[in-house]
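Q: Structure: run-v8.tsv, TSV, C-alpha atoms.
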```tsv
chain	number	residue	atom	x	y	z
L	16	MET	CA	10.38	-21.83	5.87
L	17	PRO	CA	10.16	-18.17	4.73
L	18	GLY	CA	10.30	-19.43	1.11
L	19	ARG	CA	7.31	-21.71	1.69
L	20	ARG	CA	5.39	-18.90	3.38
L	21	LEU	CA	6.21	-16.61	0.46
L	22	SER	CA	4.87	-19.14	-2.05
L	23	SER	CA	1.64	-19.92	-0.14
L	24	LEU	CA	0.82	-16.31	0.79
L	25	PRO	CA	0.15	-15.15	-2.82
L	26	LEU	CA	-2.23	-18.08	-3.31
L	27	ILE	CA	-4.17	-17.30	-0.13
L	28	SER	CA	-4.24	-13.58	-1.03
L	29	ALA	CA	-5.48	-14.30	-4.56
L	30	ALA	CA	-8.16	-16.66	-3.23
L	31	LEU	CA	-9.35	-14.13	-0.63
L	32	LEU	CA	-9.35	-11.36	-3.24
L	33	ALA	CA	-11.37	-13.53	-5.64
L	34	ALA	CA	-13.81	-14.32	-2.81
L	35	GLY	CA	-14.08	-10.62	-1.95
L	36	LEU	CA	-14.77	-9.60	-5.57
L	37	SER	CA	-17.34	-12.40	-5.95
L	38	LEU	CA	-19.13	-11.15	-2.83
L	39	VAL	CA	-19.05	-7.56	-4.15
L	40	PHE	CA	-20.66	-8.40	-7.49
L	41	PHE	CA	-22.85	-11.43	-6.69
L	42	TYR	CA	-23.76	-11.21	-2.98
L	43	ALA	CA	-23.71	-7.68	-1.58
L	44	PRO	CA	-27.04	-5.89	-2.12
L	45	VAL	CA	-27.27	-2.75	-4.23
L	46	ASP	CA	-27.31	0.33	-2.00
L	47	ALA	CA	-30.77	1.88	-1.83
L	48	ASP	CA	-29.38	5.43	-1.69
L	49	GLN	CA	-26.46	5.43	-4.15
L	50	GLY	CA	-27.22	2.44	-6.34
L	51	ARG	CA	-24.50	0.32	-7.99
L	52	ILE	CA	-21.80	2.99	-7.67
L	53	GLN	CA	-21.61	2.23	-3.94
L	54	LYS	CA	-19.75	-0.98	-4.90
L	55	ILE	CA	-16.60	1.16	-5.23
L	56	PHE	CA	-16.75	1.39	-1.42
L	57	TYR	CA	-15.57	-2.25	-1.07
L	58	ILE	CA	-12.22	-1.49	-2.67
L	59	HIS	CA	-11.80	2.22	-1.87
L	60	VAL	CA	-12.23	2.00	1.92
L	61	PRO	CA	-10.08	-1.14	2.51
L	62	MET	CA	-7.26	0.44	0.46
L	63	ALA	CA	-7.53	3.64	2.54
L	64	ILE	CA	-7.53	1.75	5.87
L	65	VAL	CA	-4.59	-0.48	4.88
L	66	ALA	CA	-2.59	2.47	3.48
L	67	LEU	CA	-3.08	4.56	6.64
L	68	CYS	CA	-2.28	1.57	8.90
L	69	GLY	CA	0.81	0.92	6.74
L	70	PHE	CA	2.05	4.50	7.19
L	71	THR	CA	1.57	4.23	10.97
L	72	ALA	CA	3.16	0.75	11.14
L	73	ALA	CA	6.18	2.08	9.23
L	74	GLY	CA	6.63	4.59	12.07
L	75	GLY	CA	6.77	1.67	14.53
L	76	MET	CA	9.34	-0.10	12.33
L	77	ALA	CA	11.40	3.08	12.18
L	78	ILE	CA	11.37	3.24	16.01
L	79	ALA	CA	12.61	-0.39	16.06
L	80	HIS	CA	15.37	0.60	13.61
L	81	LEU	CA	16.56	3.53	15.71
L	82	ARG	CA	16.46	1.44	18.89
L	83	THR	CA	18.23	-1.66	17.54
L	84	ARG	CA	20.27	-0.16	14.62
L	85	ASP	CA	19.15	-3.24	12.69
L	86	ARG	CA	18.98	-2.25	8.99
L	87	ARG	CA	16.26	-4.85	8.35
L	88	TRP	CA	13.76	-2.63	10.21
L	89	ASP	CA	14.68	0.28	7.94
L	90	VAL	CA	14.09	-1.89	4.84
L	91	ARG	CA	10.74	-3.01	6.26
L	92	ALA	CA	9.72	0.61	6.94
L	93	TYR	CA	10.83	1.65	3.43
L	94	VAL	CA	8.87	-1.15	1.74
L	95	THR	CA	5.78	-0.53	3.91
L	96	ILE	CA	5.76	3.17	3.02
L	97	HIS	CA	6.37	2.37	-0.67
L	98	LEU	CA	3.38	0.00	-0.82
L	99	SER	CA	1.17	2.29	1.28
L	100	LEU	CA	1.89	5.06	-1.24
L	101	ILE	CA	0.82	2.79	-4.11
L	102	LEU	CA	-2.43	2.00	-2.27
L	103	ALA	CA	-2.86	5.73	-1.55
L	104	VAL	CA	-2.71	6.40	-5.32
L	105	GLY	CA	-5.47	3.80	-5.67
L	106	VAL	CA	-7.50	5.48	-2.91
L	107	LEU	CA	-7.25	8.89	-4.59
L	108	LEU	CA	-8.13	7.54	-8.04
L	109	THR	CA	-11.05	5.32	-6.94
L	110	GLY	CA	-12.26	8.10	-4.61
L	111	SER	CA	-12.25	10.59	-7.48
L	112	ILE	CA	-14.15	8.18	-9.73
L	113	TRP	CA	-16.70	7.61	-6.95
L	114	ALA	CA	-16.99	11.35	-6.26
L	115	ARG	CA	-17.58	12.05	-9.96
L	116	GLY	CA	-20.33	9.43	-10.13
L	117	ALA	CA	-22.00	10.29	-6.82
L	118	TRP	CA	-21.46	14.04	-6.39
L	119	GLY	CA	-20.76	15.10	-9.98
L	120	HIS	CA	-17.24	16.36	-9.14
L	121	TRP	CA	-13.83	14.68	-9.43
L	122	TRP	CA	-12.64	16.49	-6.30
L	123	VAL	CA	-14.21	18.58	-3.52
L	124	TRP	CA	-11.79	20.95	-1.79
L	125	ASN	CA	-14.02	21.76	1.22
L	126	GLU	CA	-14.27	18.10	2.30
L	127	PRO	CA	-11.85	17.44	5.23
L	128	ALA	CA	-11.53	13.67	4.60
L	129	LEU	CA	-10.39	14.17	1.00
L	130	VAL	CA	-8.02	17.06	1.61
L	131	SER	CA	-6.47	15.48	4.71
L	132	PHE	CA	-5.79	12.24	2.80
L	133	LEU	CA	-4.20	14.27	0.00
L	134	ILE	CA	-1.99	16.02	2.60
L	135	VAL	CA	-0.89	12.64	4.02
L	136	PHE	CA	-0.21	11.36	0.48
L	137	LEU	CA	1.85	14.43	-0.46
L	138	LEU	CA	3.74	14.23	2.84
L	139	TYR	CA	4.81	10.64	2.10
L	140	CYS	CA	5.63	11.55	-1.51
L	141	THR	CA	8.59	13.46	-0.06
L	142	TYR	CA	9.93	10.35	1.75
L	143	GLN	CA	11.79	8.84	-1.21
L	144	PRO	CA	13.35	12.09	-2.51
L	145	LEU	CA	14.48	12.86	1.07
L	146	ARG	CA	15.88	9.35	1.50
L	147	PHE	CA	17.78	9.19	-1.78
L	148	ALA	CA	19.11	12.73	-1.47
L	149	ILE	CA	21.43	11.40	1.27
L	150	GLU	CA	24.41	9.39	0.01
L	151	ASP	CA	25.72	7.91	3.27
L	152	PRO	CA	23.64	4.71	3.81
L	153	GLU	CA	23.77	4.96	7.63
L	154	LEU	CA	22.70	8.60	7.66
L	155	GLN	CA	20.07	7.88	4.98
L	156	ALA	CA	18.49	5.11	7.09
L	157	ARG	CA	18.56	7.26	10.25
L	158	TYR	CA	16.98	10.36	8.65
L	159	ALA	CA	14.40	8.21	6.84
L	160	SER	CA	13.48	6.61	10.18
L	161	VAL	CA	13.05	10.01	11.85
L	162	PHE	CA	10.79	11.06	8.96
L	163	ALA	CA	8.77	7.82	9.19
L	164	ILE	CA	8.24	8.29	12.95
L	165	VAL	CA	7.13	11.94	12.71
L	166	ALA	CA	4.90	11.33	9.69
L	167	GLY	CA	3.58	8.08	11.21
L	168	ALA	CA	2.50	10.01	14.33
L	169	PHE	CA	0.83	12.63	12.13
L	170	VAL	CA	-1.43	10.05	10.42
L	171	PRO	CA	-3.63	9.07	13.45
L	172	VAL	CA	-3.69	12.68	14.71
L	173	ASN	CA	-4.86	13.78	11.27
L	174	PHE	CA	-7.50	11.01	11.24
L	175	ILE	CA	-8.88	12.07	14.66
L	176	VAL	CA	-8.97	15.76	13.70
L	177	VAL	CA	-10.94	14.94	10.54
L	178	ARG	CA	-13.39	12.83	12.57
L	179	LEU	CA	-13.99	15.81	14.83
L	180	ALA	CA	-14.80	18.07	11.86
L	181	GLN	CA	-18.43	19.12	11.86
L	182	ALA	CA	-19.29	19.75	8.22
L	183	TYR	CA	-18.75	16.85	5.83
L	184	THR	CA	-20.19	15.17	2.76
L	185	HIS	CA	-17.87	12.15	2.81
L	186	PRO	CA	-19.57	9.31	4.76
L	187	ARG	CA	-18.08	7.92	8.00
L	188	VAL	CA	-17.44	4.18	7.80
L	189	LEU	CA	-15.95	3.18	11.15
L	190	GLY	CA	-17.96	4.31	14.12
L	191	THR	CA	-19.84	3.09	17.18
L	192	THR	CA	-22.85	2.38	14.95
L	193	GLY	CA	-20.73	0.22	12.61
L	194	GLY	CA	-21.50	2.50	9.70
L	195	ASN	CA	-25.14	1.25	9.70
L	196	MET	CA	-24.21	-1.46	7.19
L	197	PRO	CA	-26.58	-4.40	6.81
L	198	GLY	CA	-25.11	-7.89	7.40
L	199	PRO	CA	-24.26	-8.90	3.77
L	200	MET	CA	-22.63	-5.51	3.13
L	201	ARG	CA	-20.60	-5.75	6.35
L	202	LEU	CA	-19.45	-9.30	5.54
L	203	THR	CA	-18.40	-8.25	2.01
L	204	PHE	CA	-16.56	-5.24	3.39
L	205	LEU	CA	-14.70	-7.33	6.01
L	206	VAL	CA	-13.67	-9.97	3.43
L	207	CYS	CA	-12.42	-7.21	1.08
L	208	LEU	CA	-10.56	-5.56	3.98
L	209	ALA	CA	-8.89	-8.87	4.90
L	210	ALA	CA	-8.04	-9.50	1.21
L	211	VAL	CA	-6.43	-6.08	0.72
L	212	ALA	CA	-4.53	-6.41	4.05
L	213	LEU	CA	-3.23	-9.86	3.11
L	214	LEU	CA	-2.32	-8.66	-0.39
L	215	PHE	CA	-0.38	-5.82	1.24
L	216	VAL	CA	1.55	-8.24	3.49
L	217	THR	CA	2.25	-10.54	0.51
L	218	LEU	CA	3.58	-7.71	-1.66
L	219	CYS	CA	5.64	-6.38	1.28
L	220	ARG	CA	7.27	-9.79	1.71
L	221	LEU	CA	7.86	-10.05	-2.05
L	222	GLU	CA	9.58	-6.66	-2.19
L	223	ILE	CA	11.66	-7.36	0.92
L	224	ALA	CA	12.75	-10.72	-0.59
L	225	THR	CA	13.63	-8.94	-3.87
L	226	LYS	CA	15.69	-6.35	-2.00
L	227	ALA	CA	17.50	-9.09	-0.03
L	228	ALA	CA	18.27	-10.98	-3.28
L	229	ALA	CA	19.58	-7.80	-4.92
L	230	GLY	CA	21.81	-7.19	-1.88
L	231	ARG	CA	23.21	-10.73	-2.07
L	232	VAL	CA	23.99	-10.28	-5.80
L	233	ARG	CA	25.77	-6.98	-5.09
L	234	ARG	CA	27.84	-8.61	-2.33
L	235	ARG	CA	28.75	-11.57	-4.57
L	236	ALA	CA	29.75	-9.24	-7.39
L	237	ALA	CA	31.99	-7.30	-5.01
L	238	MET	CA	33.73	-10.48	-3.75
U	11	MET	CA	-22.98	4.13	-13.07
U	12	ASN	CA	-21.59	0.73	-14.09
U	13	ALA	CA	-18.79	2.44	-16.02
U	14	TYR	CA	-17.63	4.22	-12.85
U	15	VAL	CA	-17.61	0.95	-10.88
U	16	ALA	CA	-15.70	-0.82	-13.68
U	17	ALA	CA	-13.21	2.06	-13.88
U	18	ALA	CA	-12.54	1.93	-10.12
U	19	TYR	CA	-11.90	-1.82	-10.15
U	20	VAL	CA	-9.75	-1.53	-13.31
U	21	VAL	CA	-7.64	1.08	-11.46
U	22	PHE	CA	-7.17	-1.30	-8.53
U	23	VAL	CA	-6.28	-4.33	-10.68
U	24	SER	CA	-3.99	-2.23	-12.92
U	25	LEU	CA	-2.08	-0.81	-9.94
U	26	ILE	CA	-1.48	-4.25	-8.43
U	27	GLY	CA	-0.70	-5.75	-11.86
U	28	LEU	CA	1.79	-2.99	-12.66
U	29	TYR	CA	3.49	-3.40	-9.30
U	30	VAL	CA	3.78	-7.19	-9.68
U	31	ALA	CA	5.09	-6.77	-13.26
U	32	ILE	CA	7.77	-4.31	-12.10
U	33	MET	CA	8.76	-6.66	-9.25
U	34	GLY	CA	8.87	-9.57	-11.74
U	35	MET	CA	11.17	-7.59	-14.05
U	36	LYS	CA	13.42	-6.75	-11.08
U	37	LEU	CA	13.60	-10.42	-10.07
U	38	THR	CA	14.43	-11.43	-13.68
U	39	ARG	CA	17.23	-8.83	-13.73
U	40	ILE	CA	18.59	-10.13	-10.40
U	41	GLN	CA	18.43	-13.71	-11.73
U	42	ARG	CA	20.38	-12.68	-14.87
U	43	SER	CA	22.99	-10.84	-12.78
U	44	LEU	CA	23.41	-13.89	-10.58
U	45	GLU	CA	23.85	-16.16	-13.62
U	46	ARG	CA	26.41	-13.74	-15.12
U	47	ILE	CA	28.40	-13.66	-11.86
U	48	GLU	CA	28.37	-17.46	-11.66
U	49	ASP	CA	29.45	-17.78	-15.32
U	50	ASP	CA	32.33	-15.35	-14.67
U	51	ARG	CA	33.37	-17.42	-11.64
U	52	GLU	CA	33.29	-20.63	-13.70
U	53	ARG	CA	35.44	-19.06	-16.42
U	54	GLU	CA	37.96	-17.80	-13.84
U	55	ARG	CA	38.35	-21.36	-12.52
```
Show how you would write the structure in this file as structure tokens.
A:
Amino acid sequence: MPGRRLSSLPLISAALLAAGLSLVFFYAPVDADQGRIQKIFYIHVPMAIVALCGFTAAGGMAIAHLRTRDRRWDVRAYVTIHLSLILAVGVLLTGSIWARGAWGHWWVWNEPALVSFLIVFLLYCTYQPLRFAIEDPELQARYASVFAIVAGAFVPVNFIVVRLAQAYTHPRVLGTTGGNMPGPMRLTFLVCLAAVALLFVTLCRLEIATKAAAGRVRRRAAM
Amino acid sequence: MNAYVAAAYVVFVSLIGLYVAIMGMKLTRIQRSLERIEDDRERER
């Protein structure tokens, strides 16, 4: 059953991603204020949302690991953080490209949304060195879980603090007004968000399956 | 403007492509290791 799910998930993800990209380039209207460059929004924001949710979810998985001592939760947390970091690289790169096109600068240091995301990214960059600096597998999993919980709690706090900041250039997407997006833009954004989220789940499952296969090979070799 | 949009989407596709390629290489390596272990077992028998 997991094998079948693993083989159908990539197809659904690819189809949803293709639908999302088609909507971006052939359906969503060109933004009256920013022009065509606003189309970066449909990939930049979903990646940011999924990456931040991934970091927070990894904290939940780490709690499950510490509570149950089940190593599978630690592997799930590790893979979730790994993939969230990859998406975070994408967020920083696409954000910089967008900033260059829209504001004329690759990076703006006085913008809380940008700097806070960079802080979160750099924080999680220390996860793997911390993890692999510990040789004992039990201790490694436990310390990595503690890190994932503390850092996972920091992510929503950081998000709220940035939202409360007064001066900003970076637009707010999620709010009570729905970001003032017209219907076609909102639909395109939601499809892209679902596509990136499903792609994330698919890649997580792929990496977890790869890790499980590698573990089985190691055990067989040791027999 | 179009160049910036293209660059952003190329970054996204490249990141995902690179990740899938690395995972594919890992899976190929695991497959080879598994075949080697099974061959060794066969020879031992």
Q: Within 8 Å of Tyr19 (chain U), counting only C-alpha atoms, which residues qualify if same-chain residues fewer than 6 places away don't, as a PyMOL selection string?
A: chain L and resi 55+58+109
Q: Write a file of the selected residues as a CSV table (one decimal), keeping the file's coordinate frame, keeping C-alpha atoms.
A:
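For reference, selection-v4.csv as written:
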```
chain,number,residue,atom,x,y,z
L,55,ILE,CA,-16.6,1.2,-5.2
L,58,ILE,CA,-12.2,-1.5,-2.7
L,109,THR,CA,-11.0,5.3,-6.9
```
Q: Should the cut-off be 9 Å, what would the residue list for chain U against chain L look like, counting all atoms listed in the file, as a PyMOL selection string?
A: chain U and resi 11-19+21-22+25-26+29-30+33+36-37+40-41+43-44+47
Q: Record the distance separating CA of Leu28 (chain U) and CA of Ala72 (chain L), expressed in Å with one decimal.
A: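 For CA of Leu28 (chain U) relative to CA of Ala72 (chain L), the distance reads 24.1 Å.
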Q: Within 10 Å of Ile134 (chain L), counting only C-alpha atoms, which residues show up once you throw out same-chain ones fewer than 6 positions away? Write them as a list in words, please.
A: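 Here the qualifying residues turn out to be Cys140, Val170 and Asn173 of chain L.
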Q: Take the selection from the previous step and output its residues with C-alpha atoms, as a PDB file, in the frame of the given file.
A:
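Saved file selection.pdb follows:
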```pdb
ATOM      1  CA  CYS L 140       5.630  11.550  -1.510  1.00  0.00           C
ATOM      2  CA  VAL L 170      -1.430  10.050  10.420  1.00  0.00           C
ATOM      3  CA  ASN L 173      -4.860  13.780  11.270  1.00  0.00           C
TER       4      ASN L 173
END
```
Q: Go ahead and compute the interatomic distance for CA of Phe132 (chain L) and CA of Gly74 (chain L), in Å to one decimal.
A: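 The value is 17.3 Å.
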